[in-house]
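**Q** So here's entry_27.cif, just mmCIF, C-alpha atoms:
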data_final
loop_
_atom_site.group_PDB
_atom_site.id
_atom_site.type_symbol
_atom_site.label_atom_id
_atom_site.label_comp_id
_atom_site.auth_asym_id
_atom_site.auth_seq_id
_atom_site.Cartn_x
_atom_site.Cartn_y
_atom_site.Cartn_z
ATOM 1 C CA MET A 1 -21.099 -13.549 8.339
ATOM 2 C CA THR A 2 -24.623 -12.134 8.424
ATOM 3 C CA MET A 3 -27.620 -14.346 9.119
ATOM 4 C CA MET A 4 -29.296 -13.297 5.868
ATOM 5 C CA THR A 5 -30.424 -16.149 3.676
ATOM 6 C CA THR A 6 -29.094 -16.580 0.161
ATOM 7 C CA ALA A 7 -32.467 -15.482 -1.212
ATOM 8 C CA GLU A 8 -32.377 -12.307 0.898
ATOM 9 C CA ILE A 9 -28.851 -11.525 -0.267
ATOM 10 C CA GLN A 10 -29.807 -12.025 -3.896
ATOM 11 C CA ALA A 11 -32.866 -9.801 -3.485
ATOM 12 C CA LYS A 12 -30.888 -6.980 -1.844
ATOM 13 C CA LYS A 13 -28.137 -7.273 -4.419
ATOM 14 C CA GLN A 14 -30.666 -7.019 -7.251
ATOM 15 C CA ALA A 15 -32.270 -3.979 -5.631
ATOM 16 C CA ILE A 16 -28.879 -2.226 -5.596
ATOM 17 C CA ILE A 17 -28.254 -3.182 -9.219
ATOM 18 C CA ASP A 18 -31.688 -1.882 -10.205
ATOM 19 C CA GLN A 19 -30.924 1.467 -8.565
ATOM 20 C CA TYR A 20 -27.217 1.932 -9.249
ATOM 21 C CA GLY A 21 -26.249 -0.545 -11.952
ATOM 22 C CA PRO A 22 -24.076 -3.668 -11.694
ATOM 23 C CA TRP A 23 -20.753 -3.971 -9.892
ATOM 24 C CA GLN A 24 -17.882 -2.779 -12.090
ATOM 25 C CA ALA A 25 -14.700 -3.481 -10.173
ATOM 26 C CA HIS A 26 -14.786 -5.831 -7.179
ATOM 27 C CA ALA A 27 -15.895 -9.457 -7.388
ATOM 28 C CA LEU A 28 -16.629 -10.439 -3.784
ATOM 29 C CA HIS A 29 -18.142 -13.670 -2.528
ATOM 30 C CA LEU A 30 -21.417 -13.121 -0.690
ATOM 31 C CA GLN A 31 -22.831 -16.562 0.059
ATOM 32 C CA ASP A 32 -23.102 -19.982 -1.607
ATOM 33 C CA ASP A 33 -22.658 -19.299 -5.343
ATOM 34 C CA VAL A 34 -23.597 -15.596 -5.086
ATOM 35 C CA TRP A 35 -20.908 -13.050 -6.005
ATOM 36 C CA THR A 36 -21.106 -9.310 -6.443
ATOM 37 C CA MET A 37 -20.175 -9.687 -10.115
ATOM 38 C CA GLY A 38 -19.843 -12.827 -12.218
ATOM 39 C CA GLY A 39 -18.556 -15.929 -10.520
ATOM 40 C CA ALA A 40 -15.323 -16.761 -8.746
ATOM 41 C CA PRO A 41 -12.448 -14.554 -10.016
ATOM 42 C CA THR A 42 -9.932 -16.165 -12.356
ATOM 43 C CA ALA A 43 -7.203 -13.500 -12.282
ATOM 44 C CA LYS A 44 -4.679 -13.762 -9.452
ATOM 45 C CA GLY A 45 -3.107 -10.331 -9.982
ATOM 46 C CA PRO A 46 -5.512 -8.250 -7.873
ATOM 47 C CA PHE A 47 -5.224 -10.718 -4.976
ATOM 48 C CA ILE A 48 -1.429 -10.637 -5.178
ATOM 49 C CA ASN A 49 -1.624 -6.852 -5.032
ATOM 50 C CA LEU A 50 -3.920 -6.846 -1.993
ATOM 51 C CA ARG A 51 -1.676 -9.360 -0.220
ATOM 52 C CA ARG A 52 1.263 -7.053 -0.980
ATOM 53 C CA PHE A 53 -0.525 -4.165 0.742
ATOM 54 C CA CYS A 54 -1.348 -6.297 3.789
ATOM 55 C CA GLN A 55 2.244 -7.519 4.010
ATOM 56 C CA VAL A 56 3.689 -4.018 3.813
ATOM 57 C CA MET A 57 1.272 -2.738 6.472
ATOM 58 C CA ALA A 58 2.188 -5.533 8.869
ATOM 59 C CA ASP A 59 5.920 -5.162 8.194
ATOM 60 C CA VAL A 60 5.996 -1.381 8.523
ATOM 61 C CA THR A 61 3.975 -1.204 11.738
ATOM 62 C CA ARG A 62 5.300 -4.455 13.252
ATOM 63 C CA GLN A 63 1.771 -4.961 14.540
ATOM 64 C CA PRO A 64 -1.038 -7.400 13.755
ATOM 65 C CA LEU A 65 -3.578 -5.832 11.401
ATOM 66 C CA GLN A 66 -6.289 -6.171 14.061
ATOM 67 C CA GLU A 67 -4.473 -3.582 16.164
ATOM 68 C CA LEU A 68 -4.525 -0.916 13.445
ATOM 69 C CA ARG A 69 -6.896 1.889 12.506
ATOM 70 C CA ILE A 70 -6.822 2.210 8.707
ATOM 71 C CA LEU A 71 -8.172 4.777 6.245
ATOM 72 C CA ASP A 72 -8.921 3.585 2.701
ATOM 73 C CA LEU A 73 -9.162 6.587 0.373
ATOM 74 C CA ALA A 74 -11.228 6.371 -2.820
ATOM 75 C CA CYS A 75 -12.143 2.822 -1.840
ATOM 76 C CA LEU A 76 -14.318 2.203 -4.931
ATOM 77 C CA GLU A 77 -16.651 -0.743 -4.180
ATOM 78 C CA GLY A 78 -14.885 -1.478 -0.908
ATOM 79 C CA TRP A 79 -12.784 -4.586 -1.522
ATOM 80 C CA PHE A 80 -9.612 -3.487 0.312
ATOM 81 C CA SER A 81 -11.666 -2.121 3.194
ATOM 82 C CA ILE A 82 -13.653 -5.361 3.464
ATOM 83 C CA GLU A 83 -10.494 -7.484 3.515
ATOM 84 C CA LEU A 84 -8.800 -5.338 6.158
ATOM 85 C CA ALA A 85 -11.913 -5.351 8.338
ATOM 86 C CA LEU A 86 -12.078 -9.154 8.042
ATOM 87 C CA GLN A 87 -8.465 -9.157 9.234
ATOM 88 C CA GLY A 88 -9.696 -7.358 12.359
ATOM 89 C CA ALA A 89 -8.590 -3.771 11.679
ATOM 90 C CA GLU A 90 -10.793 -0.771 12.398
ATOM 91 C CA VAL A 91 -11.370 0.561 8.883
ATOM 92 C CA VAL A 92 -12.838 3.745 7.447
ATOM 93 C CA GLY A 93 -13.509 3.811 3.715
ATOM 94 C CA VAL A 94 -14.055 7.099 1.879
ATOM 95 C CA GLU A 95 -15.552 7.055 -1.617
ATOM 96 C CA GLY A 96 -16.807 9.874 -3.809
ATOM 97 C CA ARG A 97 -19.481 8.002 -5.789
ATOM 98 C CA GLU A 98 -22.800 7.200 -4.151
ATOM 99 C CA GLU A 99 -23.297 3.987 -6.146
ATOM 100 C CA ASN A 100 -19.973 2.600 -4.959
ATOM 101 C CA VAL A 101 -20.739 3.451 -1.345
ATOM 102 C CA ALA A 102 -24.122 1.702 -1.555
ATOM 103 C CA LYS A 103 -22.473 -1.447 -2.938
ATOM 104 C CA ALA A 104 -19.720 -1.377 -0.319
ATOM 105 C CA ARG A 105 -22.201 -0.932 2.530
ATOM 106 C CA PHE A 106 -24.248 -3.861 1.224
ATOM 107 C CA VAL A 107 -21.210 -6.173 1.282
ATOM 108 C CA LYS A 108 -20.345 -4.895 4.764
ATOM 109 C CA GLU A 109 -23.863 -5.851 5.885
ATOM 110 C CA VAL A 110 -23.544 -9.305 4.356
ATOM 111 C CA TYR A 111 -20.281 -9.897 6.214
ATOM 112 C CA GLY A 112 -21.597 -8.350 9.442
ATOM 113 C CA LEU A 113 -18.585 -6.073 9.932
ATOM 114 C CA ASP A 114 -19.090 -3.685 12.850
ATOM 115 C CA ASN A 115 -15.474 -2.499 12.613
ATOM 116 C CA LEU A 116 -15.984 -0.966 9.162
ATOM 117 C CA THR A 117 -17.535 2.356 8.157
ATOM 118 C CA PHE A 118 -18.038 3.785 4.677
ATOM 119 C CA HIS A 119 -18.448 7.511 4.021
ATOM 120 C CA HIS A 120 -19.714 9.159 0.847
ATOM 121 C CA ASP A 121 -17.198 11.974 0.528
ATOM 122 C CA LEU A 122 -14.521 13.356 -1.791
ATOM 123 C CA VAL A 123 -10.882 12.769 -0.925
ATOM 124 C CA GLN A 124 -10.433 16.529 -1.210
ATOM 125 C CA ASN A 125 -12.604 16.906 1.911
ATOM 126 C CA VAL A 126 -10.655 14.496 4.103
ATOM 127 C CA SER A 127 -8.958 16.016 7.139
ATOM 128 C CA ARG A 128 -7.888 15.119 10.667
ATOM 129 C CA GLU A 129 -10.626 17.323 12.067
ATOM 130 C CA LYS A 130 -13.265 15.397 10.132
ATOM 131 C CA TYR A 131 -12.044 11.790 10.351
ATOM 132 C CA GLY A 132 -9.376 11.680 13.039
ATOM 133 C CA GLU A 133 -5.996 9.958 12.938
ATOM 134 C CA PHE A 134 -5.014 6.595 11.490
ATOM 135 C CA ASP A 135 -2.102 4.200 11.879
ATOM 136 C CA ILE A 136 -2.165 3.458 8.152
ATOM 137 C CA ILE A 137 -3.631 5.418 5.236
ATOM 138 C CA LEU A 138 -4.155 3.726 1.874
ATOM 139 C CA CYS A 139 -4.012 5.998 -1.135
ATOM 140 C CA SER A 140 -4.262 3.539 -4.017
ATOM 141 C CA GLY A 141 -5.131 4.526 -7.563
ATOM 142 C CA ILE A 142 -6.321 8.047 -6.800
ATOM 143 C CA LEU A 143 -3.529 10.649 -6.901
ATOM 144 C CA TYR A 144 -3.161 10.527 -10.698
ATOM 145 C CA HIS A 145 -6.887 11.277 -11.027
ATOM 146 C CA LEU A 146 -6.558 14.584 -9.154
ATOM 147 C CA GLY A 147 -5.849 17.972 -10.661
ATOM 148 C CA ALA A 148 -3.667 20.723 -9.276
ATOM 149 C CA PRO A 149 -3.630 22.000 -6.605
ATOM 150 C CA ASP A 150 -5.898 19.151 -5.360
ATOM 151 C CA VAL A 151 -3.177 16.493 -5.475
ATOM 152 C CA PHE A 152 -0.906 18.631 -3.296
ATOM 153 C CA GLU A 153 -3.636 19.636 -0.863
ATOM 154 C CA VAL A 154 -4.765 16.040 -0.376
ATOM 155 C CA VAL A 155 -1.272 14.742 0.428
ATOM 156 C CA GLU A 156 -0.644 17.721 2.686
ATOM 157 C CA ALA A 157 -3.852 16.972 4.618
ATOM 158 C CA LEU A 158 -2.868 13.316 5.051
ATOM 159 C CA GLY A 159 0.353 14.187 6.885
ATOM 160 C CA PRO A 160 -1.274 15.206 10.203
ATOM 161 C CA MET A 161 -3.786 12.334 9.936
ATOM 162 C CA CYS A 162 -1.162 9.596 9.632
ATOM 163 C CA ARG A 163 0.437 8.104 12.732
ATOM 164 C CA GLN A 164 2.669 5.502 11.089
ATOM 165 C CA ALA A 165 2.606 5.067 7.318
ATOM 166 C CA LEU A 166 0.983 6.269 4.107
ATOM 167 C CA LEU A 167 0.839 3.726 1.274
ATOM 168 C CA VAL A 168 0.600 5.381 -2.141
ATOM 169 C CA GLU A 169 0.106 3.353 -5.296
ATOM 170 C CA THR A 170 -0.067 5.692 -8.256
ATOM 171 C CA HIS A 171 1.029 6.167 -11.830
ATOM 172 C CA ILE A 172 4.002 8.465 -12.217
ATOM 173 C CA TRP A 173 5.156 10.315 -15.310
ATOM 174 C CA TYR A 174 8.623 10.222 -16.748
ATOM 175 C CA ASN A 175 9.938 13.377 -18.418
ATOM 176 C CA GLY A 176 7.435 15.672 -16.751
ATOM 177 C CA LYS A 177 7.103 18.853 -18.763
ATOM 178 C CA ASP A 178 4.583 20.815 -16.696
ATOM 179 C CA PRO A 179 6.016 22.661 -13.679
ATOM 180 C CA TYR A 180 3.728 23.532 -10.781
ATOM 181 C CA GLU A 181 4.533 25.593 -7.709
ATOM 182 C CA TYR A 182 2.737 24.890 -4.434
ATOM 183 C CA LYS A 183 3.510 26.837 -1.261
ATOM 184 C CA GLY A 184 6.916 27.868 -2.486
ATOM 185 C CA GLN A 185 7.930 24.378 -3.602
ATOM 186 C CA SER A 186 8.416 23.456 -7.244
ATOM 187 C CA TYR A 187 7.070 20.176 -8.619
ATOM 188 C CA LEU A 188 7.073 18.593 -12.036
ATOM 189 C CA GLY A 189 4.530 16.377 -13.746
ATOM 190 C CA ARG A 190 2.168 16.260 -16.665
ATOM 191 C CA PHE A 191 -1.325 17.648 -17.110
ATOM 192 C CA ARG A 192 -3.471 15.205 -19.081
ATOM 193 C CA PRO A 193 -7.171 14.964 -19.956
ATOM 194 C CA GLU A 194 -8.910 12.957 -17.268
ATOM 195 C CA TYR A 195 -11.971 11.852 -19.210
ATOM 196 C CA ASP A 196 -11.683 8.939 -21.625
ATOM 197 C CA PRO A 197 -14.870 7.472 -23.175
ATOM 198 C CA ASN A 198 -13.210 4.050 -23.340
ATOM 199 C CA TYR A 199 -13.236 3.726 -19.548
ATOM 200 C CA PRO A 200 -16.251 3.397 -17.202
ATOM 201 C CA PRO A 201 -17.096 6.487 -15.125
ATOM 202 C CA GLN A 202 -15.947 4.672 -11.966
ATOM 203 C CA PHE A 203 -12.358 4.968 -13.185
ATOM 204 C CA HIS A 204 -12.355 8.721 -13.749
ATOM 205 C CA GLY A 205 -11.730 11.500 -11.307
ATOM 206 C CA ILE A 206 -14.759 13.419 -10.083
ATOM 207 C CA ASP A 207 -15.118 16.961 -11.451
ATOM 208 C CA THR A 208 -11.560 16.836 -12.806
ATOM 209 C CA ASP A 209 -10.989 17.934 -16.393
ATOM 210 C CA TYR A 210 -7.201 17.691 -16.315
ATOM 211 C CA ALA A 211 -5.328 15.520 -13.840
ATOM 212 C CA PHE A 212 -1.770 16.273 -12.758
ATOM 213 C CA CYS A 213 0.405 13.163 -12.820
ATOM 214 C CA LEU A 214 3.553 13.681 -10.744
ATOM 215 C CA THR A 215 7.011 12.493 -11.647
ATOM 216 C CA ARG A 216 8.686 10.057 -9.268
ATOM 217 C CA PRO A 217 11.062 12.716 -7.793
ATOM 218 C CA SER A 218 8.163 15.125 -7.258
ATOM 219 C CA LEU A 219 6.091 12.425 -5.559
ATOM 220 C CA PHE A 220 8.980 11.670 -3.197
ATOM 221 C CA ASN A 221 9.509 15.375 -2.482
ATOM 222 C CA LEU A 222 5.795 15.973 -1.895
ATOM 223 C CA LEU A 223 5.675 13.233 0.736
ATOM 224 C CA MET A 224 8.687 14.710 2.518
ATOM 225 C CA HIS A 225 7.115 18.170 2.441
ATOM 226 C CA ALA A 226 3.925 16.673 3.926
ATOM 227 C CA GLY A 227 5.818 15.597 7.032
ATOM 228 C CA PHE A 228 6.878 12.027 6.308
ATOM 229 C CA THR A 229 10.376 11.526 7.665
ATOM 230 C CA SER A 230 11.417 8.816 5.202
ATOM 231 C CA VAL A 231 10.061 7.492 1.905
ATOM 232 C CA TYR A 232 10.456 4.013 0.425
ATOM 233 C CA GLU A 233 9.500 2.285 -2.788
ATOM 234 C CA CYS A 234 8.293 -1.283 -2.389
ATOM 235 C CA MET A 235 10.221 -3.682 -4.624
ATOM 236 C CA GLY A 236 8.885 -6.803 -2.916
ATOM 237 C CA PRO A 237 6.542 -8.526 -2.664
ATOM 238 C CA VAL A 238 6.408 -8.313 -6.453
ATOM 239 C CA CYS A 239 3.019 -7.722 -8.040
ATOM 240 C CA PRO A 240 3.350 -8.352 -11.795
ATOM 241 C CA ALA A 241 -0.223 -7.357 -12.669
ATOM 242 C CA TYR A 242 0.224 -3.903 -11.126
ATOM 243 C CA ALA A 243 3.860 -3.342 -12.010
ATOM 244 C CA SER A 244 5.341 -1.993 -15.181
ATOM 245 C CA VAL A 245 8.444 -3.008 -17.013
ATOM 246 C CA TYR A 246 9.352 0.673 -16.593
ATOM 247 C CA ARG A 247 7.975 0.907 -13.049
ATOM 248 C CA ASP A 248 5.383 3.569 -13.904
ATOM 249 C CA ARG A 249 2.991 2.550 -11.104
ATOM 250 C CA PRO A 250 5.066 2.159 -7.934
ATOM 251 C CA LEU A 251 3.917 1.434 -4.410
ATOM 252 C CA VAL A 252 5.528 4.181 -2.345
ATOM 253 C CA VAL A 253 5.506 4.189 1.453
ATOM 254 C CA GLY A 254 5.864 7.359 3.490
ATOM 255 C CA ILE A 255 6.872 6.742 7.112
ATOM 256 C CA LYS A 256 5.758 9.125 9.856
ATOM 257 C CA GLY A 257 8.603 9.041 12.342
ATOM 258 C CA VAL A 258 10.707 11.285 14.545
ATOM 259 C CA ARG A 259 13.292 13.338 12.764
ATOM 260 C CA GLN A 260 16.812 12.414 13.867
ATOM 261 C CA THR A 261 19.720 14.683 14.692
ATOM 262 C CA LEU A 262 23.426 13.905 14.951
ATOM 263 C CA LYS A 263 25.342 14.161 18.225
ATOM 264 C CA THR A 264 28.606 14.778 16.390
ATOM 265 C CA ALA A 265 27.331 17.546 14.103
ATOM 266 C CA PRO A 266 28.180 21.185 14.872
ATOM 267 C CA PRO A 267 25.243 23.048 16.503
ATOM 268 C CA ALA A 268 24.569 25.045 13.336
ATOM 269 C CA TRP A 269 24.036 21.801 11.418
ATOM 270 C CA GLN A 270 21.657 20.153 13.865
ATOM 271 C CA ASP A 271 18.573 21.176 11.893
ATOM 272 C CA LEU A 272 19.705 21.053 8.295
ATOM 273 C CA PRO A 273 16.860 20.754 5.775
ATOM 274 C CA TYR A 274 16.457 17.492 3.936
ATOM 275 C CA ASP A 275 17.831 17.422 0.419
ATOM 276 C CA LEU A 276 15.285 16.975 -2.363
ATOM 277 C CA TRP A 277 15.266 14.670 -5.342
ATOM 278 C CA GLU A 278 16.419 16.339 -8.530
ATOM 279 C CA GLU A 279 14.210 16.259 -11.603
ATOM 280 C CA ARG A 280 15.768 14.893 -14.762
ATOM 281 C CA VAL A 281 13.694 16.164 -17.631
ATOM 282 C CA ASN A 282 15.316 13.898 -20.216
ATOM 283 C CA GLU A 283 15.312 10.781 -18.048
ATOM 284 C CA ILE A 284 14.985 7.493 -19.902
ATOM 285 C CA PRO A 285 13.297 4.909 -17.663
ATOM 286 C CA THR A 286 15.295 1.779 -16.929
ATOM 287 C CA PRO A 287 13.282 -1.389 -17.535
ATOM 288 C CA LEU A 288 12.923 -4.183 -14.989
ATOM 289 C CA PHE A 289 12.124 -7.765 -15.935
ATOM 290 C CA LEU A 290 10.654 -10.567 -13.892
ATOM 291 C CA ALA A 291 12.387 -13.896 -13.406
ATOM 292 C CA GLY A 292 12.558 -15.776 -16.676
ATOM 293 C CA GLY A 293 12.554 -12.559 -18.695
ATOM 294 C CA ASP A 294 8.772 -12.155 -18.622
ATOM 295 C CA VAL A 295 7.534 -8.752 -19.735
ATOM 296 C CA VAL A 296 4.961 -7.489 -17.277
ATOM 297 C CA PRO A 297 1.844 -5.554 -18.379
ATOM 298 C CA ASN A 298 1.273 -1.801 -18.420
ATOM 299 C CA VAL A 299 4.494 -1.061 -20.296
ATOM 300 C CA TYR A 300 5.173 2.635 -19.941
ATOM 301 C CA ASN A 301 4.049 4.723 -22.875
ATOM 302 C CA PRO A 302 3.614 8.469 -22.370
ATOM 303 C CA ASP A 303 0.985 8.585 -25.094
ATOM 304 C CA VAL A 304 -1.342 6.123 -23.348
ATOM 305 C CA LYS A 305 -3.890 7.511 -20.886
ATOM 306 C CA MET A 306 -3.633 5.900 -17.474
ATOM 307 C CA HIS A 307 -7.004 5.242 -15.868
ATOM 308 C CA CYS A 308 -6.632 1.727 -14.457
#
Give the structure from the file, written as structure tokens.
**A**
Amino acid sequence: MTMMTTAEIQAKKQAIIDQYGPWQAHALHLQDDVWTMGGAPTAKGPFINLRRFCQVMADVTRQPLQELRILDLACLEGWFSIELALQGAEVVGVEGREENVAKARFVKEVYGLDNLTFHHDLVQNVSREKYGEFDIILCSGILYHLGAPDVFEVVEALGPMCRQALLVETHIWYNGKDPYEYKGQSYLGRFRPEYDPNYPPQFHGIDTDYAFCLTRPSLFNLLMHAGFTSVYECMGPVCPAYASVYRDRPLVVGIKGVRQTLKTAPPAWQDLPYDLWEERVNEIPTPLFLAGGDVVPNVYNPDVKMHC
């Protein structure tokens, strides 16, 4: 931790609030009884979700987190980045809103994290040439805020940047009715108004009037087209607060591996293209229930805007 006194931390925090407004998303402990927002958190759900991410990263890479270089896209006020840096990883956080970057950098200073860097930049500008390569890329809560073709271009750019795994947590849309073609590939999803006055600006896309929310098959296919050799959906650890009874916000993991060939296949079949997931326009989502029959929040409803 930094050597700043509690009074100095409170003064710097207040200066940021005076300039940018109060924290909106991440309640982080700074020192003594000083938190970024409110007091100690009472909801366990966000912590269960973050632990799920850390577990998946460690399991997929089979490495301690301190050995990894991690990119946190659209990192908001920096909570995931802060946690991963405290775990010892080299972390780069990219965030499109200046006020969020200022708050994240302040918390970084309080914790004295030299292995963490925050950049004020749009996810649409991220590339290997600009930021380098990463063992793990986190893409949580951002894809469904992007329009088209932005959502396709962003995922495509992440392919060459990712050495091991891309973790995508995003809303998906059942019964996608809006087709979109990108570089000769057909995808399905739903265009929806991005702005909703009932949500704070921090939870809207930047300069996006209509976001394109992919269906689950199109999300899987997009990751394969971006160069990920296999794609998985995380069904455990379970995170009730970020799951849906209809699984409309999955955690999907794209693995960057070496494409395999078969020794017993005829030569003409050595390089067969991967099959793609078929879209089912009239699909009815199958519900999942937690132990004890509990109904988890965020029940899928195509008429509800999804900004969380």
**Q** Please evaluate the PyMOL selection byres ((chain A and resi 170) around 8) against the structure above and give the resulting residues as a PyMOL selection string.
**A** chain A and resi 140-144+168-169+171-172+249-251
**Q** Atom CA of Ser218 of chain A and atom CA of Ile255 of chain A, how far apart in Å?
**A**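 Going from atom CA of Ile255 of chain A over to atom CA of Ser218 of chain A, I get 16.7 Å.
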**Q** So that I can see what lies close to segment 13-26 of chain A, please list as a PyMOL selection string the residues with an atom at most 12 Å from it, counting all atoms listed in the file and leaving out residues fewer than 3 positions away in the same chain.
**A** chain A and resi 4+6-10+29-31+34-41+43+46-47+75-83+97-107+109-110+199-203+308
**Q** So that I can see what lies close to Pro149 of chain A, please list as a list in words the residues with an atom at most 10 Å from it, counting all atoms listed in the file and leaving out residues fewer than 5 positions away in the same chain.
**A**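 Non-adjacent residues within range: Val154, Tyr180, Glu181, Tyr182, Ala211 and Phe212 of chain A.
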**Q** Would you compute the distance between atom CA of Ile137 of chain A and atom CA of His204 of chain A? Give it in Å to one decimal.
**A**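 Those two atoms sit 21.2 Å apart.
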**Q** Is it possible to get the residues within 9 Å of (13.1, 17.2, -4.0) (coordinates as in the file, counting all atoms listed in the file) written as a PyMOL selection string?
**A** chain A and resi 185-187+217-222+224-225+274-279
**Q** Counting only C-alpha atoms, which residue out of A:Ile136, A:Ala148, A:Ala265, A:Val94 sits closest to Arg192 of chain A?
**A** A:Ala148
**Q** In Å, rounded to a single decimal, give me how far atom CA of Glu156 of chain A is from atom CA of Gly227 of chain A.
**A**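 Interatomic distance here is 8.1 Å.
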**Q** Quick one: residues within 12 Å of Glu129 of chain A, only C-alpha atoms, excluding same-chain residues fewer than 4 positions away - as a PDB file with C-alpha atoms, in the frame of the given file?
**A**
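To be explicit, this is the file written out as out_12.pdb:
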ATOM      1  CA  ASN A 125     -12.604  16.906   1.911  1.00  0.00           C
ATOM      2  CA  GLU A 133      -5.996   9.958  12.938  1.00  0.00           C
ATOM      3  CA  ALA A 157      -3.852  16.972   4.618  1.00  0.00           C
ATOM      4  CA  LEU A 158      -2.868  13.316   5.051  1.00  0.00           C
ATOM      5  CA  PRO A 160      -1.274  15.206  10.203  1.00  0.00           C
ATOM      6  CA  MET A 161      -3.786  12.334   9.936  1.00  0.00           C
TER       7      MET A 161
END
**Q** Report as a ChimeraX atom specification the full result of the PyMOL selection byres ((chain A and resi 51) around 12) when it is applied to this structure.
**A** /A:44-50,52-58,80,83-84,87,236-239
**Q** Of the residues A:Pro179, A:Gly96, A:Ala226, A:Cys234, which is the one nearest to Asp59 of chain A, using only C-alpha atoms?
**A**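 For Asp59 of chain A, the nearest of the given residues is A:Cys234.
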